[in-house]
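Asks: Okay, so here is protein.cif, and as you'll see once you scroll down, it has mmCIF, N, CA and C atoms.
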data_query
#
loop_
_atom_site.group_PDB
_atom_site.id
_atom_site.type_symbol
_atom_site.label_atom_id
_atom_site.label_comp_id
_atom_site.auth_asym_id
_atom_site.auth_seq_id
_atom_site.Cartn_x
_atom_site.Cartn_y
_atom_site.Cartn_z
ATOM 1 N N MET A 1 104.979 102.641 77.960
ATOM 2 C CA MET A 1 104.780 104.080 77.971
ATOM 3 C C MET A 1 106.136 104.741 78.161
ATOM 4 N N THR A 2 106.554 105.546 77.235
ATOM 5 C CA THR A 2 107.911 106.086 77.261
ATOM 6 C C THR A 2 108.067 107.351 78.091
ATOM 7 N N ASP A 3 106.999 108.120 78.289
ATOM 8 C CA ASP A 3 107.147 109.375 79.023
ATOM 9 C C ASP A 3 106.510 109.331 80.410
ATOM 10 N N CYS A 4 106.162 108.173 80.904
ATOM 11 C CA CYS A 4 105.524 108.027 82.215
ATOM 12 C C CYS A 4 106.601 107.977 83.305
ATOM 13 N N ILE A 5 106.528 108.914 84.244
ATOM 14 C CA ILE A 5 107.533 108.966 85.310
ATOM 15 C C ILE A 5 107.524 107.705 86.169
ATOM 16 N N PHE A 6 106.340 107.132 86.422
ATOM 17 C CA PHE A 6 106.289 105.928 87.248
ATOM 18 C C PHE A 6 106.834 104.717 86.497
ATOM 19 N N CYS A 7 106.638 104.655 85.192
ATOM 20 C CA CYS A 7 107.250 103.584 84.398
ATOM 21 C C CYS A 7 108.774 103.701 84.458
ATOM 22 N N LYS A 8 109.265 104.932 84.399
ATOM 23 C CA LYS A 8 110.717 105.157 84.481
ATOM 24 C C LYS A 8 111.253 104.785 85.854
ATOM 25 N N ILE A 9 110.490 105.066 86.908
ATOM 26 C CA ILE A 9 110.898 104.651 88.254
ATOM 27 C C ILE A 9 110.908 103.129 88.345
ATOM 28 N N ALA A 10 109.881 102.469 87.824
ATOM 29 C CA ALA A 10 109.819 101.004 87.851
ATOM 30 C C ALA A 10 110.961 100.376 87.068
ATOM 31 N N ALA A 11 111.383 101.049 85.989
ATOM 32 C CA ALA A 11 112.482 100.544 85.159
ATOM 33 C C ALA A 11 113.849 100.946 85.698
ATOM 34 N N LYS A 12 113.866 101.648 86.832
ATOM 35 C CA LYS A 12 115.106 102.107 87.476
ATOM 36 C C LYS A 12 115.846 103.147 86.643
ATOM 37 N N GLU A 13 115.128 103.848 85.771
ATOM 38 C CA GLU A 13 115.713 104.942 85.000
ATOM 39 C C GLU A 13 115.742 106.228 85.820
ATOM 40 N N ILE A 14 114.871 106.307 86.827
ATOM 41 C CA ILE A 14 114.808 107.436 87.747
ATOM 42 C C ILE A 14 114.928 106.855 89.148
ATOM 43 N N PRO A 15 115.831 107.399 89.974
ATOM 44 C CA PRO A 15 115.976 106.844 91.327
ATOM 45 C C PRO A 15 114.761 107.143 92.206
ATOM 46 N N SER A 16 114.537 106.258 93.165
ATOM 47 C CA SER A 16 113.472 106.444 94.143
ATOM 48 C C SER A 16 113.883 105.736 95.429
ATOM 49 N N SER A 17 113.195 106.055 96.492
ATOM 50 C CA SER A 17 113.436 105.405 97.781
ATOM 51 C C SER A 17 112.483 104.216 97.895
ATOM 52 N N VAL A 18 112.928 103.099 97.383
ATOM 53 C CA VAL A 18 112.107 101.892 97.328
ATOM 54 C C VAL A 18 111.975 101.274 98.719
ATOM 55 N N VAL A 19 110.743 100.921 99.090
ATOM 56 C CA VAL A 19 110.498 100.231 100.356
ATOM 57 C C VAL A 19 110.017 98.797 100.133
ATOM 58 N N TYR A 20 109.536 98.485 98.938
ATOM 59 C CA TYR A 20 109.104 97.128 98.603
ATOM 60 C C TYR A 20 109.144 96.965 97.092
ATOM 61 N N GLU A 21 109.542 95.775 96.666
ATOM 62 C CA GLU A 21 109.502 95.463 95.235
ATOM 63 C C GLU A 21 109.391 93.967 95.048
ATOM 64 N N ASP A 22 108.592 93.588 94.059
ATOM 65 C CA ASP A 22 108.570 92.208 93.589
ATOM 66 C C ASP A 22 108.430 92.257 92.074
ATOM 67 N N GLY A 23 108.127 91.158 91.450
ATOM 68 C CA GLY A 23 108.064 91.120 89.995
ATOM 69 C C GLY A 23 106.923 91.911 89.382
ATOM 70 N N GLU A 24 105.895 92.215 90.185
ATOM 71 C CA GLU A 24 104.704 92.874 89.657
ATOM 72 C C GLU A 24 104.487 94.303 90.137
ATOM 73 N N MET A 25 105.080 94.644 91.270
ATOM 74 C CA MET A 25 104.779 95.958 91.850
ATOM 75 C C MET A 25 106.001 96.548 92.530
ATOM 76 N N LEU A 26 105.918 97.865 92.750
ATOM 77 C CA LEU A 26 106.999 98.617 93.371
ATOM 78 C C LEU A 26 106.371 99.628 94.310
ATOM 79 N N CYS A 27 106.936 99.775 95.507
ATOM 80 C CA CYS A 27 106.458 100.764 96.454
ATOM 81 C C CYS A 27 107.632 101.650 96.842
ATOM 82 N N PHE A 28 107.403 102.951 96.805
ATOM 83 C CA PHE A 28 108.465 103.907 97.108
ATOM 84 C C PHE A 28 107.901 105.110 97.845
ATOM 85 N N LYS A 29 108.801 105.864 98.483
ATOM 86 C CA LYS A 29 108.404 107.048 99.231
ATOM 87 C C LYS A 29 108.020 108.174 98.277
ATOM 88 N N ASP A 30 106.917 108.840 98.598
ATOM 89 C CA ASP A 30 106.472 109.996 97.815
ATOM 90 C C ASP A 30 107.464 111.133 98.039
ATOM 91 N N ILE A 31 107.862 111.829 96.965
ATOM 92 C CA ILE A 31 108.830 112.916 97.105
ATOM 93 C C ILE A 31 108.201 114.198 97.638
ATOM 94 N N ASN A 32 106.876 114.254 97.682
ATOM 95 C CA ASN A 32 106.168 115.405 98.233
ATOM 96 C C ASN A 32 105.127 114.887 99.231
ATOM 97 N N PRO A 33 105.597 114.374 100.385
ATOM 98 C CA PRO A 33 104.690 113.668 101.290
ATOM 99 C C PRO A 33 103.605 114.551 101.898
ATOM 100 N N ALA A 34 102.418 113.971 102.013
ATOM 101 C CA ALA A 34 101.281 114.641 102.632
ATOM 102 C C ALA A 34 101.052 114.119 104.049
ATOM 103 N N ALA A 35 101.910 113.238 104.517
ATOM 104 C CA ALA A 35 101.827 112.660 105.855
ATOM 105 C C ALA A 35 103.238 112.224 106.254
ATOM 106 N N PRO A 36 103.477 111.976 107.554
ATOM 107 C CA PRO A 36 104.812 111.514 107.965
ATOM 108 C C PRO A 36 105.288 110.277 107.201
ATOM 109 N N VAL A 37 104.367 109.349 106.933
ATOM 110 C CA VAL A 37 104.655 108.228 106.029
ATOM 111 C C VAL A 37 103.724 108.390 104.843
ATOM 112 N N HIS A 38 104.310 108.506 103.655
ATOM 113 C CA HIS A 38 103.525 108.632 102.427
ATOM 114 C C HIS A 38 104.232 107.815 101.364
ATOM 115 N N LEU A 39 103.658 106.669 101.064
ATOM 116 C CA LEU A 39 104.237 105.736 100.099
ATOM 117 C C LEU A 39 103.325 105.618 98.896
ATOM 118 N N LEU A 40 103.894 105.251 97.771
ATOM 119 C CA LEU A 40 103.144 105.020 96.538
ATOM 120 C C LEU A 40 103.407 103.596 96.078
ATOM 121 N N LEU A 41 102.352 102.827 95.908
ATOM 122 C CA LEU A 41 102.459 101.455 95.409
ATOM 123 C C LEU A 41 101.948 101.445 93.980
ATOM 124 N N ILE A 42 102.813 101.037 93.054
ATOM 125 C CA ILE A 42 102.458 101.035 91.635
ATOM 126 C C ILE A 42 102.606 99.642 91.045
ATOM 127 N N PRO A 43 101.786 99.336 90.051
ATOM 128 C CA PRO A 43 102.038 98.117 89.283
ATOM 129 C C PRO A 43 103.170 98.402 88.300
ATOM 130 N N LYS A 44 103.965 97.406 87.992
ATOM 131 C CA LYS A 44 105.032 97.614 87.006
ATOM 132 C C LYS A 44 104.476 97.695 85.593
ATOM 133 N N VAL A 45 103.325 97.107 85.367
ATOM 134 C CA VAL A 45 102.659 97.224 84.076
ATOM 135 C C VAL A 45 101.907 98.555 84.075
ATOM 136 N N HIS A 46 101.928 99.249 82.960
ATOM 137 C CA HIS A 46 101.294 100.563 82.883
ATOM 138 C C HIS A 46 99.828 100.468 82.496
ATOM 139 N N PHE A 47 98.990 101.109 83.297
ATOM 140 C CA PHE A 47 97.655 101.506 82.869
ATOM 141 C C PHE A 47 97.339 102.790 83.621
ATOM 142 N N ASP A 48 96.615 103.667 82.963
ATOM 143 C CA ASP A 48 96.474 105.042 83.436
ATOM 144 C C ASP A 48 95.843 105.190 84.812
ATOM 145 N N SER A 49 94.765 104.478 85.071
ATOM 146 C CA SER A 49 94.030 104.694 86.311
ATOM 147 C C SER A 49 93.136 103.494 86.596
ATOM 148 N N LEU A 50 92.483 103.552 87.729
ATOM 149 C CA LEU A 50 91.541 102.492 88.075
ATOM 150 C C LEU A 50 90.434 102.388 87.030
ATOM 151 N N ALA A 51 90.062 103.522 86.441
ATOM 152 C CA ALA A 51 89.034 103.525 85.400
ATOM 153 C C ALA A 51 89.499 102.821 84.131
ATOM 154 N N HIS A 52 90.810 102.644 83.972
ATOM 155 C CA HIS A 52 91.365 101.987 82.791
ATOM 156 C C HIS A 52 91.777 100.540 83.063
ATOM 157 N N ALA A 53 91.528 100.056 84.273
ATOM 158 C CA ALA A 53 91.869 98.672 84.595
ATOM 159 C C ALA A 53 91.006 97.738 83.744
ATOM 160 N N GLN A 54 91.610 96.667 83.324
ATOM 161 C CA GLN A 54 90.951 95.668 82.492
ATOM 162 C C GLN A 54 90.803 94.366 83.276
ATOM 163 N N PRO A 55 89.984 93.440 82.778
ATOM 164 C CA PRO A 55 89.834 92.163 83.484
ATOM 165 C C PRO A 55 91.165 91.468 83.768
ATOM 166 N N GLU A 56 92.140 91.612 82.898
ATOM 167 C CA GLU A 56 93.434 90.966 83.130
ATOM 168 C C GLU A 56 94.213 91.590 84.294
ATOM 169 N N HIS A 57 93.784 92.753 84.783
ATOM 170 C CA HIS A 57 94.443 93.405 85.919
ATOM 171 C C HIS A 57 93.829 93.013 87.261
ATOM 172 N N GLU A 58 92.724 92.271 87.240
ATOM 173 C CA GLU A 58 91.986 91.969 88.463
ATOM 174 C C GLU A 58 92.851 91.283 89.518
ATOM 175 N N ALA A 59 93.554 90.255 89.161
ATOM 176 C CA ALA A 59 94.378 89.521 90.134
ATOM 177 C C ALA A 59 95.511 90.401 90.657
ATOM 178 N N LEU A 60 96.136 91.164 89.782
ATOM 179 C CA LEU A 60 97.207 92.070 90.194
ATOM 180 C C LEU A 60 96.688 93.098 91.198
ATOM 181 N N LEU A 61 95.539 93.693 90.918
ATOM 182 C CA LEU A 61 94.969 94.684 91.840
ATOM 183 C C LEU A 61 94.667 94.050 93.193
ATOM 184 N N GLY A 62 94.179 92.830 93.189
ATOM 185 C CA GLY A 62 93.934 92.115 94.443
ATOM 186 C C GLY A 62 95.220 91.874 95.210
ATOM 187 N N ARG A 63 96.271 91.457 94.514
ATOM 188 C CA ARG A 63 97.561 91.233 95.175
ATOM 189 C C ARG A 63 98.122 92.538 95.723
ATOM 190 N N MET A 64 97.945 93.634 94.981
ATOM 191 C CA MET A 64 98.422 94.930 95.464
ATOM 192 C C MET A 64 97.690 95.323 96.748
ATOM 193 N N MET A 65 96.372 95.162 96.765
ATOM 194 C CA MET A 65 95.607 95.526 97.959
ATOM 195 C C MET A 65 95.982 94.641 99.143
ATOM 196 N N MET A 66 96.272 93.381 98.908
ATOM 197 C CA MET A 66 96.679 92.488 99.984
ATOM 198 C C MET A 66 98.083 92.818 100.493
ATOM 199 N N LYS A 67 98.907 93.420 99.655
ATOM 200 C CA LYS A 67 100.265 93.792 100.040
ATOM 201 C C LYS A 67 100.285 95.080 100.870
ATOM 202 N N VAL A 68 99.291 95.952 100.689
ATOM 203 C CA VAL A 68 99.266 97.247 101.381
ATOM 204 C C VAL A 68 99.431 97.104 102.891
ATOM 205 N N PRO A 69 98.665 96.265 103.603
ATOM 206 C CA PRO A 69 98.842 96.184 105.053
ATOM 207 C C PRO A 69 100.242 95.729 105.476
ATOM 208 N N GLN A 70 100.846 94.861 104.693
ATOM 209 C CA GLN A 70 102.200 94.398 105.004
ATOM 210 C C GLN A 70 103.206 95.543 104.854
ATOM 211 N N ILE A 71 103.064 96.312 103.776
ATOM 212 C CA ILE A 71 103.950 97.456 103.552
ATOM 213 C C ILE A 71 103.738 98.497 104.648
ATOM 214 N N ALA A 72 102.475 98.759 104.985
ATOM 215 C CA ALA A 72 102.162 99.742 106.025
ATOM 216 C C ALA A 72 102.775 99.330 107.361
ATOM 217 N N GLU A 73 102.632 98.069 107.732
ATOM 218 C CA GLU A 73 103.201 97.604 108.997
ATOM 219 C C GLU A 73 104.718 97.737 109.008
ATOM 220 N N ALA A 74 105.355 97.362 107.901
ATOM 221 C CA ALA A 74 106.814 97.477 107.807
ATOM 222 C C ALA A 74 107.278 98.931 107.907
ATOM 223 N N ALA A 75 106.410 99.872 107.521
ATOM 224 C CA ALA A 75 106.736 101.300 107.591
ATOM 225 C C ALA A 75 106.398 101.898 108.953
ATOM 226 N N GLY A 76 105.946 101.073 109.889
ATOM 227 C CA GLY A 76 105.657 101.549 111.236
ATOM 228 C C GLY A 76 104.234 102.008 111.457
ATOM 229 N N LEU A 77 103.355 101.764 110.503
ATOM 230 C CA LEU A 77 101.969 102.203 110.622
ATOM 231 C C LEU A 77 101.132 101.131 111.310
ATOM 232 N N THR A 78 101.470 100.840 112.552
ATOM 233 C CA THR A 78 100.819 99.752 113.283
ATOM 234 C C THR A 78 99.503 100.165 113.927
ATOM 235 N N ASN A 79 99.216 101.467 114.000
ATOM 236 C CA ASN A 79 97.945 101.942 114.559
ATOM 237 C C ASN A 79 96.915 102.232 113.488
ATOM 238 N N GLY A 80 97.233 101.926 112.249
ATOM 239 C CA GLY A 80 96.315 102.182 111.151
ATOM 240 C C GLY A 80 96.960 103.036 110.080
ATOM 241 N N PHE A 81 96.292 103.106 108.958
ATOM 242 C CA PHE A 81 96.802 103.848 107.808
ATOM 243 C C PHE A 81 95.643 104.190 106.898
ATOM 244 N N LYS A 82 95.912 105.066 105.970
ATOM 245 C CA LYS A 82 94.914 105.476 104.990
ATOM 246 C C LYS A 82 95.404 105.062 103.609
ATOM 247 N N THR A 83 94.491 104.567 102.782
ATOM 248 C CA THR A 83 94.823 104.303 101.387
ATOM 249 C C THR A 83 93.988 105.243 100.528
ATOM 250 N N GLN A 84 94.566 105.616 99.403
ATOM 251 C CA GLN A 84 93.879 106.540 98.503
ATOM 252 C C GLN A 84 94.259 106.203 97.069
ATOM 253 N N VAL A 85 93.248 106.141 96.201
ATOM 254 C CA VAL A 85 93.471 105.944 94.776
ATOM 255 C C VAL A 85 92.739 107.076 94.058
ATOM 256 N N ASN A 86 93.486 108.039 93.568
ATOM 257 C CA ASN A 86 92.894 109.135 92.799
ATOM 258 C C ASN A 86 92.708 108.647 91.366
ATOM 259 N N THR A 87 91.544 108.936 90.796
ATOM 260 C CA THR A 87 91.229 108.443 89.458
ATOM 261 C C THR A 87 90.772 109.584 88.571
ATOM 262 N N GLY A 88 91.581 109.888 87.556
ATOM 263 C CA GLY A 88 91.259 110.946 86.606
ATOM 264 C C GLY A 88 91.518 112.335 87.173
ATOM 265 N N LYS A 89 91.541 113.302 86.284
ATOM 266 C CA LYS A 89 91.793 114.687 86.703
ATOM 267 C C LYS A 89 90.777 115.151 87.729
ATOM 268 N N GLY A 90 89.504 114.819 87.527
ATOM 269 C CA GLY A 90 88.462 115.207 88.465
ATOM 270 C C GLY A 90 88.598 114.549 89.821
ATOM 271 N N GLY A 91 89.314 113.444 89.881
ATOM 272 C CA GLY A 91 89.554 112.740 91.135
ATOM 273 C C GLY A 91 90.876 113.105 91.773
ATOM 274 N N GLY A 92 91.554 114.106 91.206
ATOM 275 C CA GLY A 92 92.806 114.575 91.787
ATOM 276 C C GLY A 92 94.043 113.829 91.324
ATOM 277 N N GLN A 93 93.921 112.973 90.323
ATOM 278 C CA GLN A 93 95.087 112.237 89.843
ATOM 279 C C GLN A 93 96.025 113.171 89.100
ATOM 280 N N GLU A 94 97.311 113.110 89.439
ATOM 281 C CA GLU A 94 98.321 113.959 88.808
ATOM 282 C C GLU A 94 99.268 113.167 87.912
ATOM 283 N N VAL A 95 99.570 111.936 88.289
ATOM 284 C CA VAL A 95 100.420 111.061 87.475
ATOM 285 C C VAL A 95 99.519 109.960 86.942
ATOM 286 N N PHE A 96 99.453 109.845 85.629
ATOM 287 C CA PHE A 96 98.513 108.919 85.006
ATOM 288 C C PHE A 96 99.135 107.548 84.773
ATOM 289 N N HIS A 97 99.433 106.924 85.902
ATOM 290 C CA HIS A 97 99.847 105.527 86.036
ATOM 291 C C HIS A 97 99.203 105.121 87.350
ATOM 292 N N LEU A 98 98.364 104.115 87.341
ATOM 293 C CA LEU A 98 97.660 103.732 88.555
ATOM 294 C C LEU A 98 98.613 103.663 89.732
ATOM 295 N N HIS A 99 98.218 104.216 90.870
ATOM 296 C CA HIS A 99 99.013 104.119 92.077
ATOM 297 C C HIS A 99 98.112 104.212 93.301
ATOM 298 N N ILE A 100 98.557 103.540 94.347
ATOM 299 C CA ILE A 100 97.860 103.537 95.622
ATOM 300 C C ILE A 100 98.709 104.324 96.612
ATOM 301 N N HIS A 101 98.130 105.367 97.181
ATOM 302 C CA HIS A 101 98.805 106.112 98.245
ATOM 303 C C HIS A 101 98.590 105.349 99.554
ATOM 304 N N ILE A 102 99.648 105.220 100.327
ATOM 305 C CA ILE A 102 99.593 104.636 101.667
ATOM 306 C C ILE A 102 100.099 105.722 102.605
ATOM 307 N N LEU A 103 99.221 106.218 103.472
ATOM 308 C CA LEU A 103 99.548 107.367 104.314
ATOM 309 C C LEU A 103 99.297 107.062 105.786
ATOM 310 N N GLY A 104 100.106 107.667 106.648
ATOM 311 C CA GLY A 104 99.862 107.534 108.075
ATOM 312 C C GLY A 104 100.967 108.124 108.906
ATOM 313 N N ARG A 105 100.800 107.924 110.207
ATOM 314 C CA ARG A 105 101.739 108.405 111.210
ATOM 315 C C ARG A 105 102.233 107.174 111.973
ATOM 316 N N PRO A 106 103.558 106.993 112.052
ATOM 317 C CA PRO A 106 104.066 105.830 112.785
ATOM 318 C C PRO A 106 103.616 105.833 114.244
ATOM 319 N N ALA A 107 103.486 104.641 114.802
ATOM 320 C CA ALA A 107 103.056 104.492 116.207
ATOM 321 C C ALA A 107 104.131 105.044 117.138
#
Please rewrite the model in this file as structure tokens.
Replies:
Amino acid sequence: MTDCIFCKIAAKEIPSSVVYEDGEMLCFKDINPAAPVHLLLIPKVHFDSLAHAQPEHEALLGRMMMKVPQIAEAAGLTNGFKTQVNTGKGGGQEVFHLHIHILGRPA
């Protein structure tokens, strides 16, 4: 996807405050945070939303969800955190590249 801002962030064409990265996913600080800690975890492969996930994305989505608590703990969210996946315009999605919001207040 050539005009996707999250694809450009994953490709390092746009700078971001990266807090975690591996070969499949990237987590960075939201530039318009809704909480003291507001991170976005994205897959490096592009698909628009959870509604567009395919069977081949199942393992990746599982790995992303398993990574969330580790990222949250590293960000100081030891008393708990909130995850959010907005899906489609009606679900409040603004950037059409699947992403998981990780929100909370450090302990």
Asks: Can you turn the PyMOL selection byres ((chain A and resi 6) around 8) into a concrete residue list for this file, as a list in words?
Replies: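 Checking the PyMOL selection byres ((chain A and resi 6) around 8) against this file, the residues are Asp3, Cys4, Ile5, Cys7, Lys8, Ile9, Ala10, Ala11, Lys12, Ile42, Pro43, Lys44, His46, Val95, Phe96 and His97 of chain A.
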Asks: Could you give me, as a compact mmCIF listing (two decimals) with N, CA and C atoms, in the frame of the given file, the residues within 8 Å of range 67-77 of chain A, counting all atoms listed in the file and dropping anything in the same chain fewer than 3 positions from it?
Replies:
# COMPACT_ATOMS: atom_id res chain seq x y z
N VAL A 19 110.74 100.92 99.09
CA VAL A 19 110.50 100.23 100.36
C VAL A 19 110.02 98.80 100.13
N TYR A 20 109.54 98.48 98.94
CA TYR A 20 109.10 97.13 98.60
C TYR A 20 109.14 96.96 97.09
N VAL A 37 104.37 109.35 106.93
CA VAL A 37 104.66 108.23 106.03
C VAL A 37 103.72 108.39 104.84
N LEU A 41 102.35 102.83 95.91
CA LEU A 41 102.46 101.46 95.41
C LEU A 41 101.95 101.44 93.98
N LEU A 61 95.54 93.69 90.92
CA LEU A 61 94.97 94.68 91.84
C LEU A 61 94.67 94.05 93.19
N GLY A 62 94.18 92.83 93.19
CA GLY A 62 93.93 92.12 94.44
C GLY A 62 95.22 91.87 95.21
N ARG A 63 96.27 91.46 94.51
CA ARG A 63 97.56 91.23 95.18
C ARG A 63 98.12 92.54 95.72
N MET A 64 97.94 93.63 94.98
CA MET A 64 98.42 94.93 95.46
C MET A 64 97.69 95.32 96.75
N GLY A 80 97.23 101.93 112.25
CA GLY A 80 96.32 102.18 111.15
C GLY A 80 96.96 103.04 110.08
N PHE A 81 96.29 103.11 108.96
CA PHE A 81 96.80 103.85 107.81
C PHE A 81 95.64 104.19 106.90
N ILE A 102 99.65 105.22 100.33
CA ILE A 102 99.59 104.64 101.67
C ILE A 102 100.10 105.72 102.60
N LEU A 103 99.22 106.22 103.47
CA LEU A 103 99.55 107.37 104.31
C LEU A 103 99.30 107.06 105.79
N GLY A 104 100.11 107.67 106.65
CA GLY A 104 99.86 107.53 108.08
C GLY A 104 100.97 108.12 108.91
N ARG A 105 100.80 107.92 110.21
CA ARG A 105 101.74 108.40 111.21
C ARG A 105 102.23 107.17 111.97
N PRO A 106 103.56 106.99 112.05
CA PRO A 106 104.07 105.83 112.78
C PRO A 106 103.62 105.83 114.24
N ALA A 107 103.49 104.64 114.80
CA ALA A 107 103.06 104.49 116.21
C ALA A 107 104.13 105.04 117.14
Asks: Could you check how far atom N of Glu56 in chain A sits from atom C of Gly90 in chain A, in Å to one decimal?
Replies: 24.2 Å
Asks: Which residues, written as a PDB file with N, CA and C atoms, in the coordinates of the input, have at least one atom at most 6.5 Å from Val18 in chain A, with only N, CA and C atoms counted and residues fewer than 6 positions away on the same chain left out?
Replies:
ATOM      1  N   CYS A  27     106.936  99.775  95.507  1.00  0.00           N
ATOM      2  CA  CYS A  27     106.458 100.764  96.454  1.00  0.00           C
ATOM      3  C   CYS A  27     107.632 101.650  96.842  1.00  0.00           C
ATOM      4  N   PHE A  28     107.403 102.951  96.805  1.00  0.00           N
ATOM      5  CA  PHE A  28     108.465 103.907  97.108  1.00  0.00           C
ATOM      6  C   PHE A  28     107.901 105.110  97.845  1.00  0.00           C
ATOM      7  N   LYS A  29     108.801 105.864  98.483  1.00  0.00           N
ATOM      8  CA  LYS A  29     108.404 107.048  99.231  1.00  0.00           C
ATOM      9  C   LYS A  29     108.020 108.174  98.277  1.00  0.00           C
TER      10      LYS A  29
END
Asks: Would you write out, as JSON, numbers by chain, every residue that the PyMOL selection byres ((chain A and resi 98) around 5) captures in this file?
Replies: {"A": [47, 48, 49, 96, 97, 99, 100]}
Asks: Counting only C-alpha atoms, which residue out of A:Glu24, A:His101, A:Ile31, A:Glu94 sits closest to His57 in chain A?
Replies: A:Glu24
Asks: Mind working out the centre and edge lengths of an axis-aligned box for range 6-13 of chain A, all listed atoms inside, 6 Å added to each side, rounded to one decimal in Å and written as JSON?
Replies:
{"center_x": 111.1, "center_y": 103.8, "center_z": 86.4, "size_x": 21.6, "size_y": 18.8, "size_z": 15.9}
Asks: Could you pull out the residues in range 3-66 of chain A that DSSP calls strand (DSSP E) from the backbone, as a list of chain:residue names?
Replies: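 Strand (DSSP E) members of range 3-66 of chain A, listed: A:Val18, A:Val19, A:Tyr20, A:Glu21, A:Met25, A:Leu26, A:Cys27, A:Phe28, A:Lys29, A:Val37, A:His38, A:Leu39, A:Leu40, A:Leu41, A:Ile42, A:Pro43.
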Asks: Could you tell me how far atom N of Gln54 in chain A sits from CA of Ser17 in chain A, in Å to one decimal place?
Replies: 27.6 Å
Asks: Please indicate the distance in Å from atom C of Met25 in chain A to atom C of Gln84 in chain A, rounded to one decimal place.
Replies: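 Going from atom C of Met25 in chain A over to atom C of Gln84 in chain A covers 15.9 Å.
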Asks: Could you pull out all residues of chain A with a DSSP call of alpha helix (DSSP H) and give them as a count of residues only?
Replies: 23
